[in-house]
file data-v7.pdb (PDB, C-alpha atoms)
ATOM      1  CA  MET M   1      92.136  34.786-113.391
ATOM      2  CA  SER M   2      93.896  31.627-112.288
ATOM      3  CA  SER M   3      93.252  30.075-108.912
ATOM      4  CA  PHE M   4      96.903  30.793-108.011
ATOM      5  CA  THR M   5      96.419  34.501-108.691
ATOM      6  CA  VAL M   6      93.206  34.509-106.682
ATOM      7  CA  GLY M   7      94.986  32.785-103.817
ATOM      8  CA  LEU M   8      97.753  35.376-103.831
ATOM      9  CA  ALA M   9      95.183  38.177-103.844
ATOM     10  CA  ILE M  10      93.366  36.666-100.884
ATOM     11  CA  LEU M  11      96.635  36.099 -99.016
ATOM     12  CA  GLY M  12      97.690  39.671 -99.721
ATOM     13  CA  GLY M  13      94.363  40.945 -98.439
ATOM     14  CA  LEU M  14      94.678  38.915 -95.260
ATOM     15  CA  LEU M  15      98.199  40.172 -94.678
ATOM     16  CA  LEU M  16      97.063  43.750 -95.251
ATOM     17  CA  ALA M  17      94.170  43.316 -92.831
ATOM     18  CA  ALA M  18      96.486  41.782 -90.254
ATOM     19  CA  LEU M  19      98.932  44.659 -90.694
ATOM     20  CA  VAL M  20      96.176  47.242 -90.246
ATOM     21  CA  ALA M  21      94.902  45.447 -87.146
ATOM     22  CA  TRP M  22      98.409  45.189 -85.704
ATOM     23  CA  ASN M  23      99.018  48.897 -86.333
ATOM     24  CA  ALA M  24      95.708  49.762 -84.709
ATOM     25  CA  TRP M  25      96.518  47.593 -81.680
ATOM     26  CA  THR M  26     100.011  49.086 -81.363
ATOM     27  CA  THR M  27      98.660  52.617 -81.650
ATOM     28  CA  ARG M  28      96.036  51.915 -79.004
ATOM     29  CA  ARG M  29      98.588  50.318 -76.720
ATOM     30  CA  ASN M  30     101.010  53.209 -77.037
ATOM     31  CA  THR M  31      98.373  55.925 -76.712
ATOM     32  CA  PRO M  32      98.086  56.901 -73.058
ATOM     33  CA  ARG M  33      94.732  56.330 -71.451
ATOM     34  CA  GLN M  34      92.798  59.545 -70.936
ATOM     35  CA  PRO M  35      90.532  60.540 -68.037
ATOM     36  CA  GLU M  36      86.848  59.909 -68.505
ATOM     37  CA  ALA M  37      84.823  62.876 -69.656
ATOM     38  CA  VAL M  38      82.717  64.390 -66.901
ATOM     39  CA  VAL M  39      79.102  64.632 -68.025
ATOM     40  CA  ALA M  40      77.364  67.747 -66.723
ATOM     41  CA  ALA M  41      74.370  66.794 -64.623
ATOM     42  CA  GLN M  42      71.189  68.717 -63.946
ATOM     43  CA  PRO M  43      71.525  71.001 -60.900
ATOM     44  CA  GLU M  44      69.009  69.025 -58.866
ATOM     45  CA  VAL M  45      70.911  65.738 -59.312
ATOM     46  CA  ALA M  46      74.450  67.028 -59.704
ATOM     47  CA  GLU M  47      77.078  65.162 -57.778
ATOM     48  CA  ARG M  48      78.505  67.116 -54.852
ATOM     49  CA  LEU M  49      82.101  68.206 -55.436
ATOM     50  CA  ASP M  50      84.449  68.536 -52.486
ATOM     51  CA  PRO M  51      86.526  71.714 -52.207
ATOM     52  CA  VAL M  52      89.804  71.589 -54.134
ATOM     53  CA  PHE M  53      92.909  71.475 -51.962
ATOM     54  CA  ASP M  54      95.428  74.211 -52.689
ATOM     55  CA  PRO M  55      98.824  72.946 -51.450
ATOM     56  CA  MET M  56     100.352  76.415 -51.682
ATOM     57  CA  ALA M  57      97.779  78.115 -49.447
ATOM     58  CA  PRO M  58      98.450  78.234 -45.686
ATOM     59  CA  PRO M  59      95.930  76.428 -43.484
ATOM     60  CA  PRO M  60      93.419  78.524 -41.539
ATOM     61  CA  ALA M  61      94.790  80.006 -38.336
ATOM     62  CA  SER M  62      92.603  77.709 -36.213
ATOM     63  CA  LEU M  63      94.211  74.708 -37.919
ATOM     64  CA  GLN M  64      97.806  75.829 -37.524
ATOM     65  CA  GLU M  65      99.757  73.143 -35.727
ATOM     66  CA  LYS M  66     101.739  74.245 -32.702
ATOM     67  CA  LYS M  67     105.442  73.830 -33.264
ATOM     68  CA  PRO M  68     106.785  71.058 -31.020
ATOM     69  CA  GLY M  69     109.065  72.308 -28.283
ATOM     70  CA  LEU M  70     112.499  71.194 -27.185
ATOM     71  CA  ASP M  71     112.651  67.843 -25.417
ATOM     72  CA  ALA M  72     115.526  66.216 -23.538
ATOM     73  CA  LEU M  73     114.714  62.908 -25.249
ATOM     74  CA  ILE M  74     116.051  64.073 -28.610
ATOM     75  CA  ASP M  75     117.698  67.433 -27.855
ATOM     76  CA  VAL M  76     120.789  68.710 -26.075
ATOM     77  CA  LEU M  77     119.501  71.318 -23.621
ATOM     78  CA  ALA M  78     121.495  74.234 -22.214
ATOM     79  CA  PRO M  79     119.658  76.307 -19.558
ATOM     80  CA  ILE M  80     120.305  80.068 -19.586
ATOM     81  CA  SER M  81     119.780  81.816 -16.253
ATOM     82  CA  LEU M  82     118.942  85.524 -15.988
ATOM     83  CA  GLU M  83     119.464  88.204 -13.350
ATOM     84  CA  ALA M  84     116.300  89.978 -14.476
ATOM     85  CA  PRO M  85     113.383  89.187 -16.843
ATOM     86  CA  VAL M  86     113.915  89.867 -20.552
ATOM     87  CA  SER M  87     111.332  91.210 -22.982
ATOM     88  CA  GLY M  88     110.303  89.220 -26.022
ATOM     89  CA  GLU M  89     111.486  92.035 -28.283
ATOM     90  CA  HIS M  90     114.975  91.940 -26.742
ATOM     91  CA  ALA M  91     115.134  88.158 -27.107
ATOM     92  CA  LEU M  92     113.966  88.234 -30.718
ATOM     93  CA  ALA M  93     116.619  90.804 -31.604
ATOM     94  CA  ALA M  94     119.301  88.574 -30.056
ATOM     95  CA  LEU M  95     118.332  85.363 -31.863
ATOM     96  CA  PRO M  96     120.961  84.018 -34.286
ATOM     97  CA  PRO M  97     120.211  84.536 -38.005
ATOM     98  CA  THR M  98     120.105  80.787 -38.696
ATOM     99  CA  ARG M  99     118.265  78.069 -36.804
ATOM    100  CA  ARG M 100     120.735  75.269 -37.458
ATOM    101  CA  ALA M 101     124.029  74.053 -36.058
ATOM    102  CA  GLY M 102     125.561  72.218 -38.981
ATOM    103  CA  SER M 103     122.782  69.947 -40.232
ATOM    104  CA  LYS M 104     120.893  69.888 -36.921
ATOM    105  CA  PRO M 105     117.974  72.121 -35.919
ATOM    106  CA  PHE M 106     118.832  74.704 -33.257
ATOM    107  CA  ALA M 107     116.270  76.551 -31.138
ATOM    108  CA  ILE M 108     115.881  79.018 -28.290
ATOM    109  CA  GLU M 109     112.918  78.885 -25.907
ATOM    110  CA  GLY M 110     111.878  81.250 -23.146
ATOM    111  CA  LEU M 111     109.953  80.587 -19.932
ATOM    112  CA  ASN M 112     106.948  82.900 -20.202
ATOM    113  CA  GLU M 113     106.471  84.736 -16.904
ATOM    114  CA  ALA M 114     102.698  84.914 -17.313
ATOM    115  CA  THR M 115     101.954  81.358 -18.435
ATOM    116  CA  GLN M 116     105.010  79.589 -16.988
ATOM    117  CA  GLN M 117     105.268  77.694 -20.297
ATOM    118  CA  TRP M 118     108.315  77.254 -22.505
ATOM    119  CA  GLU M 119     107.809  78.826 -25.928
ATOM    120  CA  THR M 120     109.592  80.468 -28.844
ATOM    121  CA  PRO M 121     110.157  84.128 -27.834
ATOM    122  CA  GLN M 122     107.295  86.426 -28.815
ATOM    123  CA  ALA M 123     106.924  90.191 -28.826
ATOM    124  CA  GLY M 124     104.873  91.576 -25.975
ATOM    125  CA  GLN M 125     105.899  88.825 -23.536
ATOM    126  CA  ARG M 126     108.430  88.677 -20.703
ATOM    127  CA  TYR M 127     110.702  85.767 -19.908
ATOM    128  CA  GLY M 128     112.341  84.732 -16.641
ATOM    129  CA  ALA M 129     114.680  82.116 -18.129
ATOM    130  CA  PHE M 130     115.762  80.677 -21.466
ATOM    131  CA  GLN M 131     117.058  77.400 -22.804
ATOM    132  CA  ALA M 132     118.974  76.634 -25.967
ATOM    133  CA  GLY M 133     118.686  73.290 -27.698
ATOM    134  CA  VAL M 134     120.134  71.361 -30.632
ATOM    135  CA  GLN M 135     118.734  68.110 -32.002
ATOM    136  CA  LEU M 136     120.777  65.003 -31.241
ATOM    137  CA  ALA M 137     120.055  63.232 -34.537
ATOM    138  CA  ASN M 138     118.015  63.330 -37.721
ATOM    139  CA  ARG M 139     118.165  61.582 -41.067
ATOM    140  CA  THR M 140     121.502  63.260 -41.840
ATOM    141  CA  GLY M 141     123.112  61.393 -38.924
ATOM    142  CA  ALA M 142     124.147  61.992 -35.316
ATOM    143  CA  LEU M 143     125.238  65.288 -33.791
ATOM    144  CA  ASN M 144     129.050  65.489 -33.995
ATOM    145  CA  GLU M 145     131.687  67.466 -32.116
ATOM    146  CA  ILE M 146     131.843  70.246 -34.719
ATOM    147  CA  GLU M 147     128.069  70.732 -34.660
ATOM    148  CA  TYR M 148     128.096  70.690 -30.864
ATOM    149  CA  SER M 149     130.759  73.414 -30.824
ATOM    150  CA  GLU M 150     128.663  75.515 -33.222
ATOM    151  CA  PHE M 151     125.677  75.049 -30.918
ATOM    152  CA  VAL M 152     127.727  76.275 -27.949
ATOM    153  CA  MET M 153     128.866  79.381 -29.826
ATOM    154  CA  LYS M 154     125.330  80.267 -30.971
ATOM    155  CA  ALA M 155     123.869  79.753 -27.506
ATOM    156  CA  ARG M 156     126.644  81.733 -25.803
ATOM    157  CA  THR M 157     126.276  84.645 -28.234
ATOM    158  CA  PHE M 158     122.534  84.761 -27.542
ATOM    159  CA  ALA M 159     123.105  84.555 -23.770
ATOM    160  CA  ASP M 160     125.637  87.386 -23.847
ATOM    161  CA  ALA M 161     123.211  89.593 -25.785
ATOM    162  CA  ILE M 162     120.453  89.216 -23.167
ATOM    163  CA  GLY M 163     122.711  89.256 -20.100
ATOM    164  CA  GLY M 164     122.263  85.556 -19.361
ATOM    165  CA  GLU M 165     124.568  82.771 -18.217
ATOM    166  CA  PRO M 166     124.411  79.426 -20.136
ATOM    167  CA  GLU M 167     125.247  76.035 -18.685
ATOM    168  CA  PHE M 168     126.296  73.345 -21.145
ATOM    169  CA  PRO M 169     126.285  69.569 -20.634
ATOM    170  CA  GLU M 170     129.513  67.640 -21.240
ATOM    171  CA  MET M 171     130.154  67.368 -24.992
ATOM    172  CA  LEU M 172     131.424  63.771 -25.169
ATOM    173  CA  GLU M 173     128.422  62.474 -23.223
ATOM    174  CA  GLU M 174     125.981  64.273 -25.502
ATOM    175  CA  VAL M 175     127.751  63.122 -28.676
ATOM    176  CA  ALA M 176     127.655  59.534 -27.378
ATOM    177  CA  ARG M 177     123.939  59.932 -26.644
ATOM    178  CA  ALA M 178     123.462  61.271 -30.157
ATOM    179  CA  ARG M 179     125.154  58.223 -31.680
ATOM    180  CA  GLU M 180     122.996  55.832 -29.687
ATOM    181  CA  LEU M 181     119.821  57.650 -30.725
ATOM    182  CA  ASP M 182     120.959  57.720 -34.359
ATOM    183  CA  GLN M 183     121.626  53.964 -34.304
ATOM    184  CA  PHE M 184     118.144  53.317 -32.946
ATOM    185  CA  ALA M 185     116.537  55.640 -35.494
ATOM    186  CA  SER M 186     118.464  54.137 -38.411
ATOM    187  CA  ALA M 187     117.380  50.635 -37.424
ATOM    188  CA  HIS M 188     113.719  51.638 -37.171
ATOM    189  CA  ASP M 189     113.310  54.101 -40.037
ATOM    190  CA  ALA M 190     110.843  52.557 -42.477
ATOM    191  CA  GLN M 191     109.980  54.301 -45.740
ATOM    192  CA  LEU M 192     107.853  52.021 -47.895
ATOM    193  CA  SER M 193     107.068  52.324 -51.564
ATOM    194  CA  PHE M 194     105.164  50.263 -54.110
ATOM    195  CA  THR M 195     105.415  50.718 -57.860
ATOM    196  CA  LEU M 196     102.322  50.293 -59.985
ATOM    197  CA  ARG M 197     103.179  49.339 -63.563
ATOM    198  CA  ALA M 198     100.858  49.409 -66.563
ATOM    199  CA  LYS M 199     100.111  45.937 -67.918
ATOM    200  CA  ASN M 200      98.823  47.133 -71.277
ATOM    201  CA  ALA M 201      98.155  50.716 -72.400
ATOM    202  CA  ALA M 202     100.161  53.524 -70.788
ATOM    203  CA  TRP M 203      98.495  56.154 -68.606
ATOM    204  CA  SER M 204      98.255  59.904 -69.092
ATOM    205  CA  PRO M 205      98.800  62.157 -66.039
ATOM    206  CA  GLY M 206      95.115  63.117 -66.139
ATOM    207  CA  TYR M 207      94.079  59.461 -66.085
ATOM    208  CA  VAL M 208      96.257  58.823 -63.022
ATOM    209  CA  GLN M 209      94.961  61.922 -61.258
ATOM    210  CA  GLN M 210      91.342  61.030 -61.945
ATOM    211  CA  ASN M 211      91.701  57.490 -60.584
ATOM    212  CA  ALA M 212      93.662  58.686 -57.562
ATOM    213  CA  ALA M 213      91.134  61.448 -56.824
ATOM    214  CA  ARG M 214      88.407  58.830 -56.527
ATOM    215  CA  LEU M 215      90.390  57.382 -53.611
ATOM    216  CA  GLY M 216      90.809  60.736 -51.861
ATOM    217  CA  PHE M 217      94.138  61.998 -53.244
ATOM    218  CA  VAL M 218      94.630  65.727 -53.821
ATOM    219  CA  PRO M 219      97.372  67.682 -55.654
ATOM    220  CA  GLY M 220     100.686  67.968 -53.819
ATOM    221  CA  ALA M 221     103.073  70.894 -53.706
ATOM    222  CA  ILE M 222     105.112  69.835 -56.747
ATOM    223  CA  PRO M 223     104.099  68.656 -60.250
ATOM    224  CA  GLY M 224     103.686  64.916 -60.491
ATOM    225  CA  ARG M 225     102.875  64.437 -56.815
ATOM    226  CA  LEU M 226      99.549  63.714 -55.129
ATOM    227  CA  VAL M 227      98.912  63.189 -51.423
ATOM    228  CA  LEU M 228      96.274  61.462 -49.323
ATOM    229  CA  PRO M 229      95.423  63.869 -46.469
ATOM    230  CA  ALA M 230      95.277  62.676 -42.869
ATOM    231  CA  ASN M 231      91.998  62.585 -40.977
ATOM    232  CA  THR M 232      93.434  65.029 -38.412
ATOM    233  CA  ALA M 233      93.814  68.612 -39.628
ATOM    234  CA  GLY M 234      97.417  69.821 -39.673
ATOM    235  CA  SER M 235      98.939  66.331 -39.693
ATOM    236  CA  PRO M 236     101.279  65.140 -42.457
ATOM    237  CA  ALA M 237      99.778  63.405 -45.486
ATOM    238  CA  VAL M 238      99.213  59.696 -44.972
ATOM    239  CA  LEU M 239     100.415  58.595 -48.416
ATOM    240  CA  GLY M 240     102.188  60.065 -51.395
ATOM    241  CA  LEU M 241     101.645  59.177 -55.060
ATOM    242  CA  SER M 242     104.234  60.368 -57.572
ATOM    243  CA  PHE M 243     105.039  60.098 -61.252
ATOM    244  CA  ASP M 244     107.389  61.744 -63.741
ATOM    245  CA  SER M 245     107.263  65.499 -63.081
ATOM    246  CA  GLN M 246     108.328  66.209 -66.673
ATOM    247  CA  ALA M 247     105.210  64.443 -67.893
ATOM    248  CA  ALA M 248     103.084  66.532 -65.556
ATOM    249  CA  MET M 249     104.643  69.770 -66.860
ATOM    250  CA  ALA M 250     104.540  68.859 -70.570
ATOM    251  CA  GLU M 251     102.872  71.294 -72.989
ATOM    252  CA  ASP M 252     100.239  68.663 -73.687
ATOM    253  CA  PRO M 253     100.145  66.310 -70.667
ATOM    254  CA  SER M 254      97.457  64.230 -72.368
ATOM    255  CA  GLN M 255     100.141  62.935 -74.746
ATOM    256  CA  SER M 256     102.583  62.064 -71.957
ATOM    257  CA  ALA M 257     102.797  58.307 -71.518
ATOM    258  CA  LEU M 258     103.290  56.962 -67.991
ATOM    259  CA  ARG M 259     103.992  53.292 -67.496
ATOM    260  CA  ALA M 260     104.681  53.446 -63.750
ATOM    261  CA  ILE M 261     103.681  55.427 -60.674
ATOM    262  CA  THR M 262     104.986  55.191 -57.101
ATOM    263  CA  LEU M 263     102.923  54.935 -53.934
ATOM    264  CA  SER M 264     104.884  55.826 -50.773
ATOM    265  CA  LEU M 265     104.515  55.828 -46.985
ATOM    266  CA  ASP M 266     106.927  57.493 -44.546
ATOM    267  CA  VAL M 267     106.095  55.258 -41.580
ATOM    268  CA  PRO M 268     107.508  57.287 -38.619
ATOM    269  CA  GLN M 269     105.815  60.460 -39.867
ATOM    270  CA  VAL M 270     102.241  59.112 -39.768
ATOM    271  CA  ASP M 271     100.196  58.230 -36.687
ATOM    272  CA  ARG M 272      99.332  54.539 -36.579
ATOM    273  CA  THR M 273      95.699  55.414 -35.767
ATOM    274  CA  GLU M 274      95.439  56.605 -39.378
ATOM    275  CA  GLN M 275      95.955  52.944 -40.411
ATOM    276  CA  PRO M 276      98.447  54.104 -43.033
ATOM    277  CA  PHE M 277      99.599  50.702 -44.249
ATOM    278  CA  VAL M 278      96.063  49.336 -44.539
ATOM    279  CA  ARG M 279      95.178  52.377 -46.622
ATOM    280  CA  MET M 280      98.363  51.987 -48.666
ATOM    281  CA  ARG M 281      97.607  48.328 -49.372
ATOM    282  CA  ASP M 282      93.970  48.980 -50.259
ATOM    283  CA  THR M 283      94.937  51.953 -52.437
ATOM    284  CA  ALA M 284      97.511  49.899 -54.350
ATOM    285  CA  ILE M 285      95.026  47.091 -54.937
ATOM    286  CA  ALA M 286      92.264  49.478 -56.008
ATOM    287  CA  LEU M 287      94.490  51.416 -58.416
ATOM    288  CA  ALA M 288      95.916  48.230 -59.910
ATOM    289  CA  ALA M 289      92.381  46.995 -60.565
ATOM    290  CA  SER M 290      90.969  50.234 -61.986
ATOM    291  CA  MET M 291      94.020  51.101 -64.118
ATOM    292  CA  GLU M 292      94.993  47.574 -65.232
ATOM    293  CA  GLY M 293      98.313  47.616 -63.450
ATOM    294  CA  ILE M 294     100.465  45.318 -61.363
ATOM    295  CA  ILE M 295     101.998  46.003 -57.942
ATOM    296  CA  SER M 296     105.761  45.563 -57.662
ATOM    297  CA  ASP M 297     108.636  46.479 -55.363
ATOM    298  CA  ASP M 298     111.612  48.713 -56.145
ATOM    299  CA  ASN M 299     113.329  45.811 -57.916
ATOM    300  CA  GLY M 300     110.401  45.151 -60.222
ATOM    301  CA  GLN M 301     109.302  41.979 -58.409
ATOM    302  CA  VAL M 302     105.542  41.484 -58.382
ATOM    303  CA  ILE M 303     104.015  41.689 -54.892
ATOM    304  CA  ARG M 304     101.063  39.426 -54.175
ATOM    305  CA  VAL M 305      98.276  40.374 -51.771
ATOM    306  CA  GLU M 306      99.495  37.849 -49.201
ATOM    307  CA  GLY M 307     102.915  39.506 -49.360
ATOM    308  CA  LEU M 308     101.338  42.820 -48.486
ATOM    309  CA  ASP M 309      99.786  41.304 -45.359
ATOM    310  CA  VAL M 310     103.193  40.090 -44.168
ATOM    311  CA  ILE M 311     104.587  43.618 -44.479
ATOM    312  CA  GLY M 312     101.671  44.931 -42.426
ATOM    313  CA  SER M 313     102.385  42.441 -39.643
ATOM    314  CA  ASP M 314     106.049  43.504 -39.491
ATOM    315  CA  LEU M 315     105.033  47.160 -39.263
ATOM    316  CA  GLU M 316     102.919  46.528 -36.162
ATOM    317  CA  GLN M 317     106.082  45.364 -34.372
ATOM    318  CA  LEU M 318     107.881  48.512 -35.503
ATOM    319  CA  TYR M 319     105.071  50.687 -34.144
ATOM    320  CA  ASP M 320     105.298  48.923 -30.781
ATOM    321  CA  THR M 321     109.059  49.479 -30.617
ATOM    322  CA  LEU M 322     108.700  53.192 -31.370
ATOM    323  CA  ASP M 323     105.979  53.467 -28.725
ATOM    324  CA  SER M 324     108.272  51.853 -26.140
ATOM    325  CA  ARG M 325     110.861  54.611 -26.706
ATOM    326  CA  ASP M 326     108.257  57.401 -26.408
ATOM    327  CA  LEU M 327     108.756  58.051 -30.127
ATOM    328  CA  ALA M 328     105.355  56.972 -31.388
ATOM    329  CA  ALA M 329     104.936  57.244 -35.154
ATOM    330  CA  GLY M 330     103.371  60.569 -36.068
ATOM    331  CA  SER M 331     104.238  62.214 -32.744
ATOM    332  CA  PRO M 332     106.049  65.576 -32.792
ATOM    333  CA  LEU M 333     109.249  63.960 -31.493
ATOM    334  CA  ALA M 334     109.198  61.162 -34.078
ATOM    335  CA  ARG M 335     108.515  63.612 -36.878
ATOM    336  CA  ARG M 336     111.503  65.706 -35.815
ATOM    337  CA  LEU M 337     113.827  62.721 -35.355
ATOM    338  CA  PHE M 338     112.863  61.066 -38.642
ATOM    339  CA  SER M 339     113.268  64.161 -40.819
TER     340      SER M 339
END
call {"tool": "encode", "arguments": {"input": "data-v7.pdb", "output": "structure tokens"}}
result
Amino acid sequence: MSSFTVGLAILGGLLLAALVAWNAWTTRRNTPRQPEAVVAAQPEVAERLDPVFDPMAPPPASLQEKKPGLDALIDVLAPISLEAPVSGEHALAALPPTRRAGSKPFAIEGLNEATQQWETPQAGQRYGAFQAGVQLANRTGALNEIEYSEFVMKARTFADAIGGEPEFPEMLEEVARARELDQFASAHDAQLSFTLRAKNAAWSPGYVQQNAARLGFVPGAIPGRLVLPANTAGSPAVLGLSFDSQAAMAEDPSQSALRAITLSLDVPQVDRTEQPFVRMRDTAIALAASMEGIISDDNGQVIRVEGLDVIGSDLEQLYDTLDSRDLAAGSPLARRLFS
């Protein structure tokens, strides 16, 4: 065999080997990373497993959070006077079928004769007065004249049914107050999100869930969403982690390839004592390291660690501003306003 033929054979072999290696690398890169297998340990040294959170199950009765009441800071209030006390059963029967006026929450509260506390009417109780309320603003905008008129009609119908007399504040003043509150809320409504993108191999849903679980995340209420619970029972989740819900619901999720996940924080909804941004920053850094990813913003721009610290400094000013308006992040009023 001539040296030329030998050279061609060697070159062909090298090309074939390179092609096989390239195919293997491409296959590995495109195959989503899978969660690590859990090795069963002996009972005496088995790792303790925390209880699994079921997002669909109601919390225990002792952990039920009391529904925040009406407040003049963010609600229009209309007192309803009575000639005689009204039973809780009578009040419940008179409540309107819907609890909204347009896009704004509407509520009726009664002054409990026994406790002298305002509360949602309950059977077995008696009430010496009532008040109707409608929220001045939420994330859909400010209360407008049409919604105010609907509020008046609902409150008057309820008052007539229980033999009460409502007193309504002046509409234009309340609508102006609603606009001012909405402007403040819009200027101080921070909803942050970071995107973690895979640098090399894609991720399977199970791989994401396993890495997130190590940092305290539990399944959310919808496929493709995980949440980081608050330290205080009954409080909203501190952080959310989401990815393509279709991938989560696939027949074989292990073959679903994810190249990005989103980490989110709804700032006004979470108490600052939970240190939500610190936990968001640390979570993003930890996940990027363990999953070989990069942290970027909504526009795909890479965010450096020093950039994260600047965001944290700005948030402290926002917290202080909310505190100064008696709308501290995570408080019942803030959670209602920023919803």
call {"tool": "closest_residue", "arguments": {"input": "data-v7.pdb", "among": "M:Leu111, M:Ile74, M:Glu89, M:Leu315", "to": "Arg179 of chain M", "atoms": "all atoms listed in the file"}}
result
M:Ile74
call {"tool": "closest_residue", "arguments": {"input": "data-v7.pdb", "among": "M:Asp320, M:Glu83, M:Asp244, M:Asp282", "to": "Ile162 of chain M", "atoms": "all atoms listed in the file"}}
result
M:Glu83
call {"tool": "closest_residue", "arguments": {"input": "data-v7.pdb", "among": "M:Gly164, M:Pro268, M:Gly110, M:Gly206", "to": "Arg33 of chain M", "atoms": "all atoms listed in the file"}}
result
M:Gly206
call {"tool": "closest_residue", "arguments": {"input": "data-v7.pdb", "among": "M:Ser339, M:Tyr207, M:Ala198, M:Phe277", "to": "Gln255 of chain M", "atoms": "only C-alpha atoms"}}
result
M:Tyr207
call {"tool": "atom_distance", "arguments": {"input": "data-v7.pdb", "atom1": "atom CA of Ala260 of chain M", "atom2": "atom CA of Gln34 of chain M"}}
result
15.2 Å
call {"tool": "resolve_selection", "arguments": {"input": "data-v7.pdb", "expression": "the PyMOL selection byres ((chain M and resi 195) around 8)", "output": "ChimeraX atom specification"}}
result
/M:193-194,196-197,260-263,295-298,300
call {"tool": "closest_residue", "arguments": {"input": "data-v7.pdb", "among": "M:Asn138, M:Ser186, M:Thr31, M:Asn144", "to": "Leu172 of chain M", "atoms": "all atoms listed in the file"}}
result
M:Asn144
call {"tool": "resolve_selection", "arguments": {"input": "data-v7.pdb", "expression": "the PyMOL selection byres ((chain M and resi 246) around 12)", "output": "list in words"}}
result
Pro205, Ile222, Pro223, Gly224, Arg225, Ser242, Phe243, Asp244, Ser245, Ala247, Ala248, Met249, Ala250, Glu251, Asp252, Pro253, Gln255, Ser256, Ala257 and Leu258 of chain M
